[in-house]
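Structure below is data-v3.cif: mmCIF, C-alpha atoms.
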```cif
data_upload
#
loop_
_atom_site.label_atom_id
_atom_site.label_comp_id
_atom_site.auth_asym_id
_atom_site.auth_seq_id
_atom_site.Cartn_x
_atom_site.Cartn_y
_atom_site.Cartn_z
CA MET G 113 37.02 2.00 55.94
CA ASP G 114 36.97 0.18 52.59
CA THR G 115 37.32 3.53 50.82
CA PHE G 116 40.37 4.34 52.94
CA PHE G 117 42.00 1.02 52.04
CA LEU G 118 41.26 1.62 48.36
CA VAL G 119 42.83 5.10 48.45
CA VAL G 120 45.96 3.84 50.24
CA GLY G 121 46.29 0.95 47.77
CA MET G 122 46.01 3.28 44.79
CA GLY G 123 48.64 5.59 46.30
CA LEU G 124 50.99 2.62 46.73
CA CYS G 125 50.40 1.59 43.09
CA ILE G 126 51.36 5.10 41.93
CA LEU G 127 54.54 4.90 44.07
CA VAL G 128 55.37 1.54 42.45
CA LEU G 129 55.09 3.21 39.03
CA PHE G 130 57.54 5.91 40.14
CA VAL G 131 60.06 3.36 41.42
CA LEU G 132 59.71 1.43 38.15
CA TYR G 133 61.47 4.36 36.46
CA ARG G 134 64.60 3.50 38.45
CA VAL G 135 64.31 -0.18 37.47
CA VAL G 136 64.07 0.62 33.76
CA TYR G 137 66.51 3.55 33.39
CA GLY G 138 68.76 3.10 36.44
CA PRO G 139 72.48 3.11 35.64
CA GLY G 140 74.02 -0.25 36.45
CA VAL G 141 72.76 -3.52 37.90
CA PHE G 142 72.85 -2.49 41.56
CA ASN G 143 70.38 0.37 41.22
CA ARG G 144 67.98 -2.01 39.52
CA VAL G 145 68.28 -4.63 42.28
CA ALA G 146 67.74 -2.03 45.02
CA ALA G 147 64.68 -0.63 43.25
CA LEU G 148 63.29 -4.15 42.77
CA SER G 149 63.64 -4.75 46.52
CA ALA G 150 61.72 -1.51 47.19
CA ILE G 151 58.98 -2.60 44.76
CA GLY G 152 58.78 -5.94 46.59
CA ASN G 153 58.18 -4.17 49.92
CA LYS G 154 55.37 -2.11 48.42
CA THR G 155 53.82 -5.23 46.84
CA LEU G 156 53.79 -6.94 50.25
CA ILE G 157 51.66 -4.14 51.66
CA ILE G 158 49.44 -4.00 48.53
CA LEU G 159 48.67 -7.73 48.92
CA LEU G 160 47.54 -7.22 52.53
CA ILE G 161 45.41 -4.24 51.50
CA MET G 162 43.77 -6.39 48.80
CA GLY G 163 42.97 -8.93 51.50
CA PHE G 164 41.32 -6.27 53.65
CA VAL G 165 39.33 -4.89 50.70
CA TYR G 166 38.03 -8.32 49.68
CA HIS G 167 37.39 -9.33 53.37
CA ARG G 168 39.49 -12.47 52.89
CA VAL G 169 42.65 -11.44 54.72
CA GLU G 170 43.21 -14.93 56.20
CA MET G 171 43.95 -16.16 52.67
CA PHE G 172 46.07 -13.20 51.53
CA ILE G 173 48.24 -13.19 54.67
CA ASP G 174 49.88 -16.47 53.65
CA ILE G 175 50.62 -15.16 50.15
CA SER G 176 52.10 -12.02 51.68
CA MET G 177 54.30 -14.06 54.04
CA VAL G 178 55.67 -16.12 51.14
CA TYR G 179 56.22 -12.92 49.14
CA ALA G 180 58.30 -11.41 51.96
CA LEU G 181 60.46 -14.54 52.09
CA LEU G 182 60.94 -14.63 48.31
CA ASN G 183 61.83 -10.93 48.18
CA PHE G 184 64.50 -11.37 50.87
CA ILE G 185 65.97 -14.50 49.26
CA GLY G 186 65.97 -12.88 45.83
CA THR G 187 67.85 -9.81 47.03
CA ILE G 188 70.40 -11.94 48.92
CA ALA G 189 70.93 -14.24 45.91
CA ALA G 190 71.36 -11.33 43.49
CA SER G 191 73.88 -9.56 45.75
CA LYS G 192 75.88 -12.76 46.35
CA TYR G 193 75.94 -13.49 42.61
CA LEU G 194 77.12 -9.99 41.71
CA GLU G 195 79.77 -10.07 44.46
CA MET G 196 81.05 -13.44 43.27
CA GLU G 197 81.15 -12.45 39.61
CA GLY G 198 83.11 -9.24 40.16
CA GLY G 199 82.90 -6.34 37.77
CA ILE G 200 79.83 -7.52 35.90
CA LEU G 201 78.48 -3.99 35.68
CA MET E 85 34.55 4.48 64.83
CA SER E 86 36.46 2.87 67.68
CA ILE E 87 39.82 3.89 69.09
CA THR E 88 41.72 0.98 67.50
CA THR E 89 40.46 1.95 64.04
CA ILE E 90 41.66 5.53 64.56
CA LEU E 91 45.07 4.23 65.68
CA ALA E 92 45.21 1.95 62.63
CA VAL E 93 44.43 4.85 60.30
CA LEU E 94 47.12 7.00 61.93
CA PHE E 95 49.76 4.27 61.60
CA MET E 96 48.84 3.62 57.96
CA VAL E 97 49.02 7.31 57.05
CA GLY E 98 52.47 7.44 58.67
CA GLY E 99 53.54 4.40 56.67
CA LEU E 100 52.33 5.97 53.42
CA PHE E 101 54.30 9.13 54.27
CA PHE E 102 57.52 7.17 54.78
CA PHE E 103 56.95 5.18 51.57
CA THR E 104 56.57 8.50 49.73
CA THR E 105 59.81 9.89 51.18
CA ALA E 106 61.68 6.69 50.30
CA THR E 107 60.38 6.92 46.73
CA ILE E 108 61.48 10.55 46.43
CA GLY E 109 64.88 9.54 47.78
CA ILE E 110 65.32 6.67 45.32
CA LEU E 111 64.41 8.97 42.45
CA ARG E 112 66.44 12.07 43.36
CA PHE E 113 69.61 10.96 45.17
CA PRO E 114 72.83 11.06 43.12
CA ASP E 115 74.38 7.57 43.34
CA PHE E 116 73.85 3.96 44.41
CA PHE E 117 74.81 4.15 48.10
CA THR E 118 72.68 7.20 48.85
CA ARG E 119 69.71 5.63 47.08
CA LEU E 120 70.20 2.45 49.11
CA HIS E 121 70.36 4.57 52.27
CA ALA E 122 67.01 6.15 51.44
CA THR E 123 65.20 2.97 50.48
CA GLY E 124 66.74 0.74 53.15
CA LYS E 125 65.67 2.78 56.14
CA GLY E 126 62.52 4.41 54.82
CA ASP E 127 60.99 1.21 53.47
CA THR E 128 61.74 -0.73 56.66
CA LEU E 129 60.03 1.85 58.85
CA ALA E 130 57.09 2.17 56.45
CA VAL E 131 56.50 -1.59 56.32
CA LEU E 132 56.66 -1.82 60.10
CA LEU E 133 54.19 1.06 60.53
CA PHE E 134 51.78 -0.49 58.02
CA LEU E 135 51.95 -3.89 59.73
CA VAL E 136 51.34 -2.37 63.18
CA GLY E 137 48.33 -0.53 61.72
CA PHE E 138 46.96 -3.76 60.20
CA CYS E 139 47.49 -5.51 63.53
CA PHE E 140 45.48 -2.82 65.38
CA TYR E 141 42.72 -3.09 62.76
CA GLU E 142 42.58 -6.89 62.90
CA GLY E 143 42.74 -7.41 66.67
CA PHE E 144 43.63 -10.57 68.61
CA THR E 145 43.18 -13.32 66.02
CA LEU E 146 45.40 -15.82 64.23
CA THR E 147 45.74 -13.36 61.34
CA GLY E 148 47.00 -10.69 63.74
CA LEU E 149 49.58 -13.13 65.07
CA LYS E 150 50.75 -13.86 61.52
CA ILE E 151 51.03 -10.12 60.86
CA VAL E 152 53.28 -9.84 63.93
CA PHE E 153 55.40 -12.69 62.53
CA ILE E 154 55.76 -10.83 59.21
CA ALA E 155 56.76 -7.66 61.11
CA VAL E 156 59.48 -9.47 63.08
CA PHE E 157 60.77 -11.15 59.91
CA MET E 158 60.90 -7.86 57.99
CA PHE E 159 62.68 -6.18 60.91
CA LEU E 160 65.40 -8.87 60.70
CA ALA E 161 65.55 -9.39 56.94
CA GLN E 162 65.46 -5.89 55.49
CA PRO E 163 68.71 -4.54 57.07
CA THR E 164 70.42 -7.83 56.18
CA ALA E 165 69.45 -7.51 52.51
CA THR E 166 70.48 -3.85 52.41
CA HIS E 167 73.85 -4.63 54.00
CA ALA E 168 74.57 -7.52 51.61
CA LEU E 169 73.67 -5.43 48.58
CA SER E 170 75.79 -2.44 49.63
CA ARG E 171 78.79 -4.71 50.38
CA ALA E 172 78.45 -6.31 46.95
CA GLY E 173 78.39 -2.86 45.38
CA LEU E 174 81.47 -1.75 47.30
CA ARG E 175 83.43 -4.88 46.35
CA CYS E 176 82.45 -4.60 42.69
CA GLY E 177 83.89 -1.10 42.58
CA VAL E 178 80.90 1.21 42.50
CA LYS E 179 82.33 4.70 43.04
CA PRO E 180 80.76 6.59 45.98
CA TRP E 181 79.44 10.04 45.18
CA MET E 182 81.56 12.98 46.41
CA LYS E 183 81.36 16.73 46.23
CA LYS E 184 83.16 18.42 43.35
CA GLU E 185 85.86 20.15 45.43
CA GLU E 186 86.76 16.99 47.39
CA LYS E 187 87.46 15.10 44.18
CA LYS E 188 90.58 17.14 43.29
#
```
As structure tokens, how would this structure be written, given the file I've shared?
Amino acid sequence: MDTFFLVVGMGLCILVLFVLYRVVYGPGVFNRVAALSAIGNKTLIILLIMGFVYHRVEMFIDISMVYALLNFIGTIAASKYLEMEGGIL
Amino acid sequence: MSITTILAVLFMVGGLFFFTTATIGILRFPDFFTRLHATGKGDTLAVLLFLVGFCFYEGFTLTGLKIVFIAVFMFLAQPTATHALSRAGLRCGVKPWMKKEEKK
């Protein structure tokens, strides 16, 4: 089962690398913010998988919870800021 | 290998499939709103499938209860974030993608 978790975690890391292309080269601010939100979702799952691999999931679950909150608040703050500024792109 | 482990593996493989489709969508779709459509729905479903799989693997413990809390929070927060971001894009004047013949 540990091997399965390792394989799934490596697949998610490769997907994060692919989404990072959109963060670096994406046209405009909004594409970058959307891609960062997608990377945050994948990181949430990668943290839980790290907890299952190291057999210390009761510690990693709290970090993952805080990461979900920060990802949501970051996306909301970025979208509110861009909406308020108007034509920043 | 027990039945809950098999269920957990099935849910996690489904979640990895939906993460892969969302990544292909965010790389290949033509403009901002279509990319947001791909990543908003695909990532939400993938995160929920992964968390249900973890919950089956963990069983009835405090950690499983916290995983259920994360699942409920993601189910509420992810559509809200997607909606706020798409509304900000629409108000800032991001042009939606159209077909060539409709543009004339």
Applied to this file, what does the PyMOL selection byres ((chain E) within 6 of (chain G)) return in terms of residues, put as a PyMOL selection string? chain E and resi 116+147+165+169+172+176
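Note on the selection: in this file the PyMOL selection byres ((chain E and resi 108) around 12) comes out as G:Leu127, G:Val128, G:Phe130, G:Val131, G:Tyr133, G:Arg134, E:Phe101, E:Phe102, E:Phe103, E:Thr104, E:Thr105, E:Ala106, E:Thr107, E:Gly109, E:Ile110, E:Leu111, E:Arg112, E:Phe113, E:Pro114, E:Thr118, E:Arg119, E:Ala122, E:Thr123, E:Gly126, E:Asp127.
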Just give me the gap between CA of His167 (chain E) and CA of Gly99 (chain E) in Å, one decimal is fine. 22.4 Å
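Across the model, the gap from CA of Leu133 (chain E) to CA of Leu94 (chain E) is 9.3 Å.
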One decimal, in Å: what's the spacing between CA of Phe144 (chain E) and CA of Pro163 (chain E)? 28.3 Å
Would you please work out which residue, of G:Gly152, G:Ile175, G:Leu182, G:Gly163, is nearest to Phe138 (chain E) when using all atoms listed in the file? G:Gly163
E:Leu91, E:Ala168, E:Val131, E:Val178 ranked by distance to Val156 (chain E), top pick (using only C-alpha atoms): E:Val131
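With all atoms listed in the file as the atoms that count, the minimum distance from Thr128 (chain E) to the choices E:Tyr141, E:Phe95, E:Ile154, E:Gln162 is reached by E:Gln162.
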Output region 119-149 of chain G as a PDB file, in the frame of the given file, making sure N, CA and C atoms are there.
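Writing the result to out-v2.pdb gives the following:
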```pdb
ATOM      1  N   VAL G 119      42.016   3.912  48.743  1.00  0.00           N
ATOM      2  CA  VAL G 119      42.830   5.100  48.450  1.00  0.00           C
ATOM      3  C   VAL G 119      44.304   4.816  48.757  1.00  0.00           C
ATOM      4  N   VAL G 120      44.570   4.154  49.895  1.00  0.00           N
ATOM      5  CA  VAL G 120      45.960   3.840  50.240  1.00  0.00           C
ATOM      6  C   VAL G 120      46.576   2.879  49.225  1.00  0.00           C
ATOM      7  N   GLY G 121      45.780   1.899  48.769  1.00  0.00           N
ATOM      8  CA  GLY G 121      46.290   0.950  47.770  1.00  0.00           C
ATOM      9  C   GLY G 121      46.603   1.636  46.445  1.00  0.00           C
ATOM     10  N   MET G 122      45.737   2.573  46.047  1.00  0.00           N
ATOM     11  CA  MET G 122      46.010   3.280  44.790  1.00  0.00           C
ATOM     12  C   MET G 122      47.249   4.165  44.915  1.00  0.00           C
ATOM     13  N   GLY G 123      47.427   4.800  46.091  1.00  0.00           N
ATOM     14  CA  GLY G 123      48.640   5.590  46.300  1.00  0.00           C
ATOM     15  C   GLY G 123      49.890   4.737  46.224  1.00  0.00           C
ATOM     16  N   LEU G 124      49.827   3.513  46.800  1.00  0.00           N
ATOM     17  CA  LEU G 124      50.990   2.620  46.730  1.00  0.00           C
ATOM     18  C   LEU G 124      51.261   2.184  45.296  1.00  0.00           C
ATOM     19  N   CYS G 125      50.197   1.975  44.497  1.00  0.00           N
ATOM     20  CA  CYS G 125      50.400   1.590  43.090  1.00  0.00           C
ATOM     21  C   CYS G 125      51.093   2.714  42.320  1.00  0.00           C
ATOM     22  N   ILE G 126      50.709   3.961  42.596  1.00  0.00           N
ATOM     23  CA  ILE G 126      51.360   5.100  41.930  1.00  0.00           C
ATOM     24  C   ILE G 126      52.840   5.165  42.332  1.00  0.00           C
ATOM     25  N   LEU G 127      53.141   4.893  43.631  1.00  0.00           N
ATOM     26  CA  LEU G 127      54.540   4.900  44.070  1.00  0.00           C
ATOM     27  C   LEU G 127      55.337   3.793  43.380  1.00  0.00           C
ATOM     28  N   VAL G 128      54.695   2.625  43.164  1.00  0.00           N
ATOM     29  CA  VAL G 128      55.370   1.540  42.450  1.00  0.00           C
ATOM     30  C   VAL G 128      55.709   1.966  41.027  1.00  0.00           C
ATOM     31  N   LEU G 129      54.801   2.708  40.385  1.00  0.00           N
ATOM     32  CA  LEU G 129      55.090   3.210  39.030  1.00  0.00           C
ATOM     33  C   LEU G 129      56.285   4.151  39.041  1.00  0.00           C
ATOM     34  N   PHE G 130      56.394   4.999  40.086  1.00  0.00           N
ATOM     35  CA  PHE G 130      57.540   5.910  40.140  1.00  0.00           C
ATOM     36  C   PHE G 130      58.842   5.146  40.334  1.00  0.00           C
ATOM     37  N   VAL G 131      58.831   4.109  41.190  1.00  0.00           N
ATOM     38  CA  VAL G 131      60.060   3.360  41.420  1.00  0.00           C
ATOM     39  C   VAL G 131      60.440   2.555  40.177  1.00  0.00           C
ATOM     40  N   LEU G 132      59.437   2.190  39.372  1.00  0.00           N
ATOM     41  CA  LEU G 132      59.710   1.430  38.150  1.00  0.00           C
ATOM     42  C   LEU G 132      60.574   2.212  37.173  1.00  0.00           C
ATOM     43  N   TYR G 133      60.549   3.550  37.263  1.00  0.00           N
ATOM     44  CA  TYR G 133      61.470   4.360  36.460  1.00  0.00           C
ATOM     45  C   TYR G 133      62.915   4.004  36.764  1.00  0.00           C
ATOM     46  N   ARG G 134      63.216   3.822  38.064  1.00  0.00           N
ATOM     47  CA  ARG G 134      64.600   3.500  38.450  1.00  0.00           C
ATOM     48  C   ARG G 134      64.976   2.092  38.001  1.00  0.00           C
ATOM     49  N   VAL G 135      64.003   1.181  37.947  1.00  0.00           N
ATOM     50  CA  VAL G 135      64.310  -0.180  37.470  1.00  0.00           C
ATOM     51  C   VAL G 135      64.627  -0.157  35.983  1.00  0.00           C
ATOM     52  N   VAL G 136      63.881   0.647  35.216  1.00  0.00           N
ATOM     53  CA  VAL G 136      64.070   0.620  33.760  1.00  0.00           C
ATOM     54  C   VAL G 136      65.307   1.411  33.365  1.00  0.00           C
ATOM     55  N   TYR G 137      65.452   2.661  33.863  1.00  0.00           N
ATOM     56  CA  TYR G 137      66.510   3.550  33.390  1.00  0.00           C
ATOM     57  C   TYR G 137      67.727   3.621  34.288  1.00  0.00           C
ATOM     58  N   GLY G 138      67.693   2.923  35.462  1.00  0.00           N
ATOM     59  CA  GLY G 138      68.760   3.100  36.440  1.00  0.00           C
ATOM     60  C   GLY G 138      70.107   2.685  35.905  1.00  0.00           C
ATOM     61  N   PRO G 139      71.153   3.491  36.161  1.00  0.00           N
ATOM     62  CA  PRO G 139      72.480   3.110  35.640  1.00  0.00           C
ATOM     63  C   PRO G 139      73.072   1.965  36.443  1.00  0.00           C
ATOM     64  N   GLY G 140      73.377   0.867  35.772  1.00  0.00           N
ATOM     65  CA  GLY G 140      74.020  -0.250  36.450  1.00  0.00           C
ATOM     66  C   GLY G 140      73.038  -1.263  37.010  1.00  0.00           C
ATOM     67  N   VAL G 141      73.597  -2.430  37.401  1.00  0.00           N
ATOM     68  CA  VAL G 141      72.760  -3.520  37.900  1.00  0.00           C
ATOM     69  C   VAL G 141      72.276  -3.238  39.316  1.00  0.00           C
ATOM     70  N   PHE G 142      73.146  -2.601  40.133  1.00  0.00           N
ATOM     71  CA  PHE G 142      72.850  -2.490  41.560  1.00  0.00           C
ATOM     72  C   PHE G 142      71.666  -1.576  41.831  1.00  0.00           C
ATOM     73  N   ASN G 143      71.550  -0.499  41.063  1.00  0.00           N
ATOM     74  CA  ASN G 143      70.380   0.370  41.220  1.00  0.00           C
ATOM     75  C   ASN G 143      69.111  -0.394  40.921  1.00  0.00           C
ATOM     76  N   ARG G 144      69.178  -1.255  39.896  1.00  0.00           N
ATOM     77  CA  ARG G 144      67.980  -2.010  39.520  1.00  0.00           C
ATOM     78  C   ARG G 144      67.584  -2.988  40.625  1.00  0.00           C
ATOM     79  N   VAL G 145      68.599  -3.669  41.222  1.00  0.00           N
ATOM     80  CA  VAL G 145      68.280  -4.630  42.280  1.00  0.00           C
ATOM     81  C   VAL G 145      67.688  -3.933  43.503  1.00  0.00           C
ATOM     82  N   ALA G 146      68.264  -2.775  43.868  1.00  0.00           N
ATOM     83  CA  ALA G 146      67.740  -2.030  45.020  1.00  0.00           C
ATOM     84  C   ALA G 146      66.317  -1.560  44.771  1.00  0.00           C
ATOM     85  N   ALA G 147      66.042  -1.089  43.557  1.00  0.00           N
ATOM     86  CA  ALA G 147      64.680  -0.630  43.250  1.00  0.00           C
ATOM     87  C   ALA G 147      63.704  -1.794  43.218  1.00  0.00           C
ATOM     88  N   LEU G 148      64.169  -2.977  42.758  1.00  0.00           N
ATOM     89  CA  LEU G 148      63.290  -4.150  42.770  1.00  0.00           C
ATOM     90  C   LEU G 148      62.949  -4.560  44.194  1.00  0.00           C
ATOM     91  N   SER G 149      63.911  -4.443  45.109  1.00  0.00           N
ATOM     92  CA  SER G 149      63.640  -4.750  46.520  1.00  0.00           C
ATOM     93  C   SER G 149      62.597  -3.790  47.090  1.00  0.00           C
TER      94      SER G 149
END
```
